[in-house]
>>> print(open('structure26.cif').read())   # mmCIF, C-alpha atoms
data_target
#
loop_
_atom_site.label_atom_id
_atom_site.label_comp_id
_atom_site.auth_asym_id
_atom_site.auth_seq_id
_atom_site.Cartn_x
_atom_site.Cartn_y
_atom_site.Cartn_z
CA MET C 1 -200.59 9.67 176.09
CA HIS C 2 -198.25 6.70 176.15
CA THR C 3 -196.35 6.16 179.38
CA THR C 4 -193.51 3.76 179.95
CA PRO C 5 -194.23 1.34 182.83
CA ASP C 6 -192.01 1.61 185.85
CA ALA C 7 -189.38 -1.13 185.74
CA ALA C 8 -189.44 -1.33 189.55
CA ASP C 9 -193.03 -2.61 189.41
CA TYR C 10 -192.17 -5.47 187.03
CA GLU C 11 -191.87 -8.88 188.61
CA TRP C 12 -189.73 -11.34 186.69
CA PRO C 13 -191.47 -14.70 186.18
CA SER C 14 -190.29 -17.49 188.42
CA CYS C 15 -190.73 -21.24 188.64
CA THR C 16 -194.16 -22.12 190.07
CA ASN C 17 -192.77 -25.20 191.79
CA PRO C 18 -193.06 -24.34 195.52
CA ARG C 19 -189.89 -26.32 196.23
CA CYS C 20 -187.93 -24.21 193.73
CA GLY C 21 -189.17 -20.67 193.02
CA ARG C 22 -186.01 -19.66 191.13
CA ALA C 23 -186.25 -16.95 188.48
CA LEU C 24 -186.80 -18.32 184.98
CA TRP C 25 -184.17 -17.82 182.31
CA PRO C 26 -185.08 -15.34 179.53
CA GLU C 27 -185.56 -18.15 177.00
CA GLU C 28 -187.95 -19.99 179.36
CA ALA C 29 -189.91 -16.97 180.65
CA HIS C 30 -193.08 -18.33 179.02
CA ARG C 31 -192.91 -21.59 180.99
CA GLN C 32 -194.66 -22.65 184.19
CA VAL C 33 -191.63 -24.39 185.75
CA CYS C 34 -187.91 -24.17 185.06
CA ARG C 35 -185.81 -26.63 183.06
CA PRO C 36 -184.04 -28.14 186.11
CA CYS C 37 -187.40 -29.02 187.71
CA GLU C 38 -188.52 -30.59 184.42
CA GLN C 39 -185.33 -32.64 184.23
CA THR C 40 -185.72 -33.81 187.84
CA ALA C 41 -189.28 -34.99 187.16
CA HIS C 42 -188.10 -36.69 183.95
CA ASP C 43 -185.46 -38.65 185.87
CA GLN C 44 -187.88 -39.58 188.65
CA LEU C 45 -190.46 -40.85 186.16
CA GLY C 46 -187.76 -42.91 184.44
CA GLU C 47 -186.94 -44.72 187.69
CA LEU C 48 -190.53 -45.51 188.68
CA PRO C 49 -191.09 -48.62 186.46
CA ALA C 50 -188.08 -50.46 187.89
CA LEU C 51 -189.03 -49.44 191.43
CA PHE C 52 -192.56 -50.70 190.89
CA VAL C 53 -191.30 -54.08 189.63
CA ARG C 54 -189.41 -54.51 192.91
CA LEU C 55 -192.48 -53.41 194.88
CA SER C 56 -194.69 -55.88 192.99
CA THR C 57 -192.25 -58.72 193.73
CA THR C 58 -192.25 -57.86 197.43
CA ALA C 59 -196.07 -57.56 197.47
CA ALA C 60 -196.46 -60.97 195.80
CA LEU C 61 -194.12 -62.54 198.35
CA LEU C 62 -196.07 -60.98 201.20
CA ARG C 63 -199.35 -62.32 199.78
CA ARG C 64 -197.95 -65.85 199.47
CA VAL C 65 -196.71 -65.78 203.05
CA GLY C 66 -200.05 -64.42 204.23
CA ASN C 67 -201.99 -67.18 202.46
CA ARG C 68 -199.83 -69.86 204.06
CA GLY C 69 -201.70 -69.46 207.33
CA VAL C 70 -200.53 -69.05 210.89
CA GLY C 71 -200.78 -72.73 211.76
CA SER C 72 -199.08 -74.01 208.61
CA SER C 73 -196.10 -76.32 209.15
CA SER C 74 -194.80 -76.20 205.57
CA SER C 75 -191.84 -74.15 206.66
CA ASP C 76 -190.01 -73.48 209.87
CA ALA C 77 -189.12 -69.94 208.75
CA PRO C 78 -190.93 -67.15 210.58
CA PRO C 79 -193.58 -65.29 208.56
CA ILE C 80 -192.52 -62.08 206.86
CA PRO C 81 -194.14 -59.12 208.63
CA GLY C 82 -196.66 -57.21 206.58
CA ARG C 83 -195.47 -53.94 205.04
CA LEU C 84 -198.45 -51.68 204.58
CA GLU C 85 -196.51 -49.12 202.55
CA VAL C 86 -195.74 -51.77 199.92
CA MET C 87 -199.34 -52.97 199.74
CA ASP C 88 -200.60 -49.37 199.53
CA LEU C 89 -198.34 -48.59 196.57
CA THR C 90 -199.14 -51.77 194.62
CA GLY C 91 -202.84 -52.08 195.42
CA PRO C 92 -205.91 -50.00 194.50
CA GLY C 93 -205.22 -46.29 194.80
CA GLY C 94 -201.48 -46.92 194.67
CA ALA C 95 -198.77 -45.86 192.24
CA ALA C 96 -200.64 -46.85 189.07
CA ASP C 97 -203.79 -44.97 190.01
CA ARG C 98 -201.84 -41.90 191.11
CA LEU C 99 -199.98 -41.79 187.79
CA ARG C 100 -203.27 -42.36 185.96
CA THR C 101 -204.78 -39.31 187.73
CA ILE C 102 -201.90 -37.11 186.57
CA GLU C 103 -202.18 -38.46 183.03
CA ASP C 104 -205.93 -37.75 182.92
CA THR C 105 -205.29 -34.19 184.11
CA TRP C 106 -202.67 -33.61 181.43
CA ARG C 107 -204.86 -35.09 178.71
CA ARG C 108 -207.62 -32.60 179.55
CA ALA C 109 -205.20 -29.67 179.85
CA LEU C 110 -203.34 -30.50 176.62
CA GLY C 111 -206.43 -31.40 174.61
CA ARG C 112 -205.67 -35.10 174.30
CA GLN C 113 -208.23 -37.87 174.09
CA SER C 114 -208.94 -40.02 177.12
CA ALA C 115 -207.14 -43.35 177.21
CA ALA C 116 -208.49 -46.76 178.12
CA ARG C 117 -207.28 -48.37 181.29
CA ALA C 118 -204.07 -50.35 180.87
CA GLY C 119 -205.06 -53.36 182.96
CA SER C 120 -203.07 -54.53 185.95
CA PRO C 121 -200.95 -52.03 187.90
CA THR C 122 -197.76 -53.78 186.75
CA ALA C 123 -198.73 -53.23 183.12
CA ALA C 124 -200.19 -49.76 183.70
CA VAL C 125 -197.24 -48.05 185.41
CA PRO C 126 -194.87 -48.18 182.36
CA ILE C 127 -197.66 -46.96 180.06
CA HIS C 128 -198.51 -43.99 182.29
CA VAL C 129 -194.83 -43.16 182.75
CA THR C 130 -194.24 -43.20 178.99
CA PHE C 131 -197.10 -40.79 178.36
CA LEU C 132 -195.98 -38.43 181.12
CA ARG C 133 -192.36 -38.35 179.94
CA ILE C 134 -193.37 -37.70 176.32
CA ASN C 135 -195.69 -34.82 177.29
CA LEU C 136 -193.62 -33.48 180.18
CA GLN C 137 -192.08 -30.57 178.28
CA ARG C 138 -195.39 -29.32 176.92
CA ALA C 139 -197.02 -29.65 180.34
CA CYS C 140 -194.19 -27.62 181.89
CA ASP C 141 -194.70 -24.99 179.18
CA THR C 142 -198.48 -24.51 179.25
CA HIS C 143 -200.23 -26.46 182.04
CA GLU C 144 -200.89 -24.08 184.96
CA GLY C 145 -201.22 -26.91 187.49
CA VAL C 146 -198.06 -28.74 186.46
CA ALA C 147 -196.19 -27.70 189.62
CA GLN C 148 -198.62 -29.70 191.79
CA ASP C 149 -198.29 -32.69 189.47
CA LEU C 150 -194.49 -32.56 189.64
CA ASP C 151 -194.71 -32.49 193.42
CA ALA C 152 -197.02 -35.53 193.31
CA ILE C 153 -194.46 -37.34 191.12
CA ARG C 154 -191.68 -36.41 193.55
CA ARG C 155 -193.63 -37.74 196.54
CA LEU C 156 -194.53 -40.96 194.73
CA HIS C 157 -190.89 -41.51 193.76
CA ARG C 158 -189.78 -40.88 197.34
CA GLU C 159 -192.34 -43.33 198.74
CA CYS C 160 -191.39 -46.05 196.25
CA THR C 161 -187.68 -45.56 196.94
CA ALA C 162 -188.23 -45.76 200.69
CA ALA C 163 -190.44 -48.85 200.36
CA VAL C 164 -187.85 -50.87 198.43
CA SER C 165 -184.98 -49.75 200.65
CA SER C 166 -183.92 -52.22 203.32
CA GLY C 167 -182.23 -49.59 205.48
CA PRO C 168 -183.88 -47.19 207.90
CA ARG C 169 -185.38 -43.94 206.66
CA PRO C 170 -183.23 -40.83 207.00
CA ALA C 171 -183.84 -39.11 210.29
CA ARG C 172 -185.31 -35.60 210.29
CA VAL C 173 -184.62 -33.17 213.12
CA GLY C 174 -186.35 -29.87 213.78
CA ILE C 175 -183.94 -26.91 213.61
CA GLY C 176 -186.19 -23.95 214.41
CA ILE C 177 -188.33 -21.67 212.28
CA CYS C 178 -187.75 -20.13 208.87
CA PRO C 179 -186.30 -16.61 209.31
CA THR C 180 -186.94 -15.47 205.72
CA ARG C 181 -188.75 -12.13 205.75
CA ASP C 182 -191.54 -11.19 203.38
CA ALA C 183 -192.08 -7.85 201.64
CA GLU C 184 -193.42 -6.34 204.88
CA GLY C 185 -190.41 -7.51 206.89
CA SER C 186 -192.20 -10.26 208.85
CA PRO C 187 -190.42 -13.62 209.26
CA CYS C 188 -191.96 -16.67 207.60
CA GLY C 189 -192.07 -18.67 210.86
CA GLU C 190 -192.53 -22.11 209.23
CA PRO C 191 -190.88 -24.94 211.24
CA LEU C 192 -187.77 -26.26 209.47
CA ALA C 193 -186.31 -29.77 209.56
CA ALA C 194 -182.92 -31.14 208.50
CA SER C 195 -182.41 -34.64 207.12
CA SER C 196 -179.41 -36.88 207.65
CA ALA C 197 -179.62 -37.89 203.97
CA HIS C 198 -178.45 -34.57 202.49
CA HIS C 199 -177.23 -31.09 203.40
CA ARG C 200 -180.21 -29.13 202.13
CA VAL C 201 -182.81 -27.38 204.25
CA HIS C 202 -185.99 -26.30 202.46
CA CYS C 203 -188.91 -24.23 203.70
CA PRO C 204 -192.17 -25.74 202.37
CA ARG C 205 -194.02 -22.45 202.91
CA CYS C 206 -191.93 -19.71 201.29
CA GLY C 207 -189.56 -21.89 199.25
CA ALA C 208 -186.31 -20.62 200.82
CA ARG C 209 -183.39 -23.08 200.66
CA TRP C 210 -180.04 -23.44 202.37
CA ASP C 211 -177.43 -25.76 200.82
CA GLY C 212 -174.27 -26.79 202.63
CA MET C 213 -172.56 -25.72 205.82
CA ALA C 214 -172.01 -22.10 204.75
CA ASP C 215 -175.72 -21.58 204.17
CA TRP C 216 -176.49 -23.37 207.43
CA ARG C 217 -174.38 -20.83 209.32
CA ASP C 218 -176.26 -18.01 207.58
CA LEU C 219 -179.53 -19.70 208.53
CA ARG C 220 -178.49 -19.93 212.17
CA ARG C 221 -177.47 -16.26 212.30
CA ALA C 222 -180.75 -15.22 210.72
CA GLN C 223 -182.70 -17.31 213.26
CA ASP C 224 -180.76 -15.70 216.11
CA ASP C 225 -181.57 -12.24 214.72
CA VAL C 226 -185.28 -13.07 214.55
CA ALA C 227 -185.22 -14.47 218.11
CA ALA C 228 -183.43 -11.35 219.41
CA ALA C 229 -185.90 -9.04 217.67
CA THR C 230 -188.82 -11.02 219.09
CA ALA C 231 -187.36 -10.82 222.61
CA ILE C 232 -186.95 -7.03 222.34
CA LEU C 233 -190.52 -6.67 221.08
CA ASP C 234 -191.85 -8.76 223.97
CA ALA C 235 -189.90 -6.64 226.48
CA ASP C 236 -191.27 -3.40 225.04
CA HIS C 237 -194.82 -4.72 224.99
CA PRO C 238 -195.41 -6.94 228.04
CA GLU C 239 -198.43 -9.15 227.93
CA PRO C 240 -201.43 -7.86 229.90
CA GLU C 241 -202.51 -9.72 232.98
CA PRO C 242 -204.87 -12.53 231.99
CA ALA C 243 -208.51 -11.86 232.73
CA ASP C 244 -208.96 -14.98 234.83
CA GLU C 245 -205.96 -14.10 237.03
CA ALA C 246 -207.26 -10.55 237.46
CA LEU C 247 -210.70 -11.83 238.47
CA ALA C 248 -209.13 -14.28 240.88
CA LYS C 249 -207.12 -11.45 242.45
CA VAL C 250 -210.27 -9.33 242.89
CA ALA C 251 -212.06 -12.28 244.50
CA VAL C 252 -209.19 -12.83 246.96
CA ASP C 253 -209.12 -9.12 247.86
CA ALA C 254 -212.89 -9.09 248.40
CA ALA C 255 -212.68 -12.17 250.63
CA ALA C 256 -209.95 -10.51 252.68
CA GLU C 257 -212.07 -7.36 253.14
CA ASP C 258 -215.06 -9.46 254.21
CA LYS C 259 -212.85 -11.24 256.75
CA ASP C 260 -211.60 -7.94 258.17
CA GLU C 261 -215.16 -6.62 258.50
CA ALA C 262 -216.23 -9.84 260.18
CA ASP C 263 -213.37 -9.53 262.69
CA GLU C 264 -214.49 -5.96 263.60
CA LEU C 265 -218.14 -6.94 264.41
CA PRO C 266 -218.94 -7.48 268.18
CA VAL C 267 -219.67 -11.00 269.35
CA TYR C 268 -222.52 -11.64 271.89
CA ALA C 269 -223.33 -14.67 274.05
CA TYR C 270 -226.50 -15.58 275.93
CA SER C 271 -225.81 -16.22 279.66
CA GLY C 272 -227.77 -15.78 282.91
CA GLY C 273 -231.01 -14.84 281.17
CA GLY C 274 -229.45 -12.06 279.05
CA TRP C 275 -227.02 -11.24 276.16
CA THR C 276 -223.55 -10.10 277.07
CA GLN C 277 -220.78 -8.94 274.70
CA ARG C 278 -217.62 -10.99 274.67
#
>>> encode(input="structure26.cif", output="structure tokens")
Amino acid sequence: MHTTPDAADYEWPSCTNPRCGRALWPEEAHRQVCRPCEQTAHDQLGELPALFVRLSTTAALLRRVGNRGVGSSSSDAPPIPGRLEVMDLTGPGGAADRLRTIEDTWRRALGRQSAARAGSPTAAVPIHVTFLRINLQRACDTHEGVAQDLDAIRRLHRECTAAVSSGPRPARVGIGICPTRDAEGSPCGEPLAASSAHHRVHCPRCGARWDGMADWRDLRRAQDDVAAATAILDADHPEPEPADEALAKVAVDAAAEDKDEADELPVYAYSGGGWTQR
């Protein structure tokens, strides 16, 4: 007998990107991530070659200054301090190798042949970026692990942007825990942080987001509600006395009883050839 499935049990597909999680449009229901996340990754990849050129220039300058030697008198200018984040991104295991890892993963997932290494990192970054941008749409359609790769691209873009920036990094301030409740009604509880660079707060655990001052006020009210509910629960269920404190209390009571018994015992003293009670 054919039965129609209950519509309430159907879960509409959503973007697998943990930083997004929005419901997919009907025409993209077959995809792994949504179109906006694909476009964001496409833009970030497009900016990486120019960022890496600036990083390579800075790294070369740092190497020349480092080779000059501490005791060199060729210049009265103070040496440029080493920037480890620049050297990490331009050296082995840096931006080129991280992009190469994503490319190798996509080649296996999409059935493409392995590619030979492109040479120096400066030459390799544009080649890897070109491959990733060309195959980005197909990866977002069919590659199950594409969400992790897009997050890796986002982090690499953020690190490169911060490394070439001369200003201080945006400050991040903790603003409490995430109050978003799951299907069972329990709050997420993940610590949240706000950045001075934008007005968005994002929970890395459940994917909830708050954009702008109106959402921030809703976030604050929800946090207050969770705190009030937690306080009521703690009042209804007080914590039991810790075992060590209970044992310490028993030991003190026993010592007091021993002292009382000792005070009640008669005291004798030897004097004049015999024992007399005091």
>>> closest_residue(input="structure26.cif", among="C:Ile102, C:Leu192, C:Leu48, C:Leu219", to="C:Ala147", atoms="all atoms listed in the file")
C:Ile102
>>> closest_residue(input="structure26.cif", among="C:Leu99, C:Cys140, C:Val53, C:Leu132", to="C:Cys34", atoms="only C-alpha atoms")
C:Cys140
>>> residues_around(input="structure26.cif", residues="C:Gly46", least_positions_apart="6", cutoff="10 Å", atoms="all atoms listed in the file", output="list in words")
Thr40, Pro126, Val129, Thr130, Leu132, Arg133 and His157 of chain C
>>> residues_near_point(input="structure26.cif", point="(-196.8, -32.9, 182.2)", cutoff="10 Å", atoms="all atoms listed in the file", output="PDB file with C-alpha atoms, in the coordinates of the input")
ATOM      1  CA  GLU C  38    -188.520 -30.590 184.420  1.00  0.00           C
ATOM      2  CA  ALA C  41    -189.280 -34.990 187.160  1.00  0.00           C
ATOM      3  CA  HIS C  42    -188.100 -36.690 183.950  1.00  0.00           C
ATOM      4  CA  ILE C 102    -201.900 -37.110 186.570  1.00  0.00           C
ATOM      5  CA  GLU C 103    -202.180 -38.460 183.030  1.00  0.00           C
ATOM      6  CA  THR C 105    -205.290 -34.190 184.110  1.00  0.00           C
ATOM      7  CA  TRP C 106    -202.670 -33.610 181.430  1.00  0.00           C
ATOM      8  CA  ARG C 107    -204.860 -35.090 178.710  1.00  0.00           C
ATOM      9  CA  ALA C 109    -205.200 -29.670 179.850  1.00  0.00           C
ATOM     10  CA  LEU C 110    -203.340 -30.500 176.620  1.00  0.00           C
ATOM     11  CA  PHE C 131    -197.100 -40.790 178.360  1.00  0.00           C
ATOM     12  CA  LEU C 132    -195.980 -38.430 181.120  1.00  0.00           C
ATOM     13  CA  ARG C 133    -192.360 -38.350 179.940  1.00  0.00           C
ATOM     14  CA  ILE C 134    -193.370 -37.700 176.320  1.00  0.00           C
ATOM     15  CA  ASN C 135    -195.690 -34.820 177.290  1.00  0.00           C
ATOM     16  CA  LEU C 136    -193.620 -33.480 180.180  1.00  0.00           C
ATOM     17  CA  GLN C 137    -192.080 -30.570 178.280  1.00  0.00           C
ATOM     18  CA  ARG C 138    -195.390 -29.320 176.920  1.00  0.00           C
ATOM     19  CA  ALA C 139    -197.020 -29.650 180.340  1.00  0.00           C
ATOM     20  CA  CYS C 140    -194.190 -27.620 181.890  1.00  0.00           C
ATOM     21  CA  ASP C 141    -194.700 -24.990 179.180  1.00  0.00           C
ATOM     22  CA  THR C 142    -198.480 -24.510 179.250  1.00  0.00           C
ATOM     23  CA  HIS C 143    -200.230 -26.460 182.040  1.00  0.00           C
ATOM     24  CA  GLY C 145    -201.220 -26.910 187.490  1.00  0.00           C
ATOM     25  CA  VAL C 146    -198.060 -28.740 186.460  1.00  0.00           C
ATOM     26  CA  ALA C 147    -196.190 -27.700 189.620  1.00  0.00           C
ATOM     27  CA  ASP C 149    -198.290 -32.690 189.470  1.00  0.00           C
ATOM     28  CA  LEU C 150    -194.490 -32.560 189.640  1.00  0.00           C
TER      29      LEU C 150
END
>>> atom_distance(input="structure26.cif", atom1="atom CA of C:Pro26", atom2="atom CA of C:Asp211")
24.9 Å
>>> resolve_selection(input="structure26.cif", expression="the PyMOL selection byres ((chain C and resi 158) around 12)", output="VMD selection string")
chain C and resid 41 44 to 45 47 to 48 51 85 89 95 151 to 157 159 to 165 169 to 170
>>> residues_around(input="structure26.cif", residues="C:Ala96", least_positions_apart="3", cutoff="8 Å", atoms="all atoms listed in the file", output="PyMOL selection string")
chain C and resi 90+93+99-100+121-122+124-125+128
>>> closest_residue(input="structure26.cif", among="C:Arg200, C:Ala229, C:Ala29, C:Ala59", to="C:Asp88", atoms="all atoms listed in the file")
C:Ala59
>>> residues_around(input="structure26.cif", residues="C:Trp12", least_positions_apart="2", cutoff="9 Å", atoms="all atoms listed in the file", output="list in words")
Tyr10, Ser14, Ala23, Leu24 and Ala29 of chain C
>>> atom_distance(input="structure26.cif", atom1="atom CA of C:Thr180", atom2="atom CA of C:Asn17")
18.0 Å
>>> atom_distance(input="structure26.cif", atom1="atom CA of C:Ile175", atom2="atom CA of C:Thr230")
17.5 Å
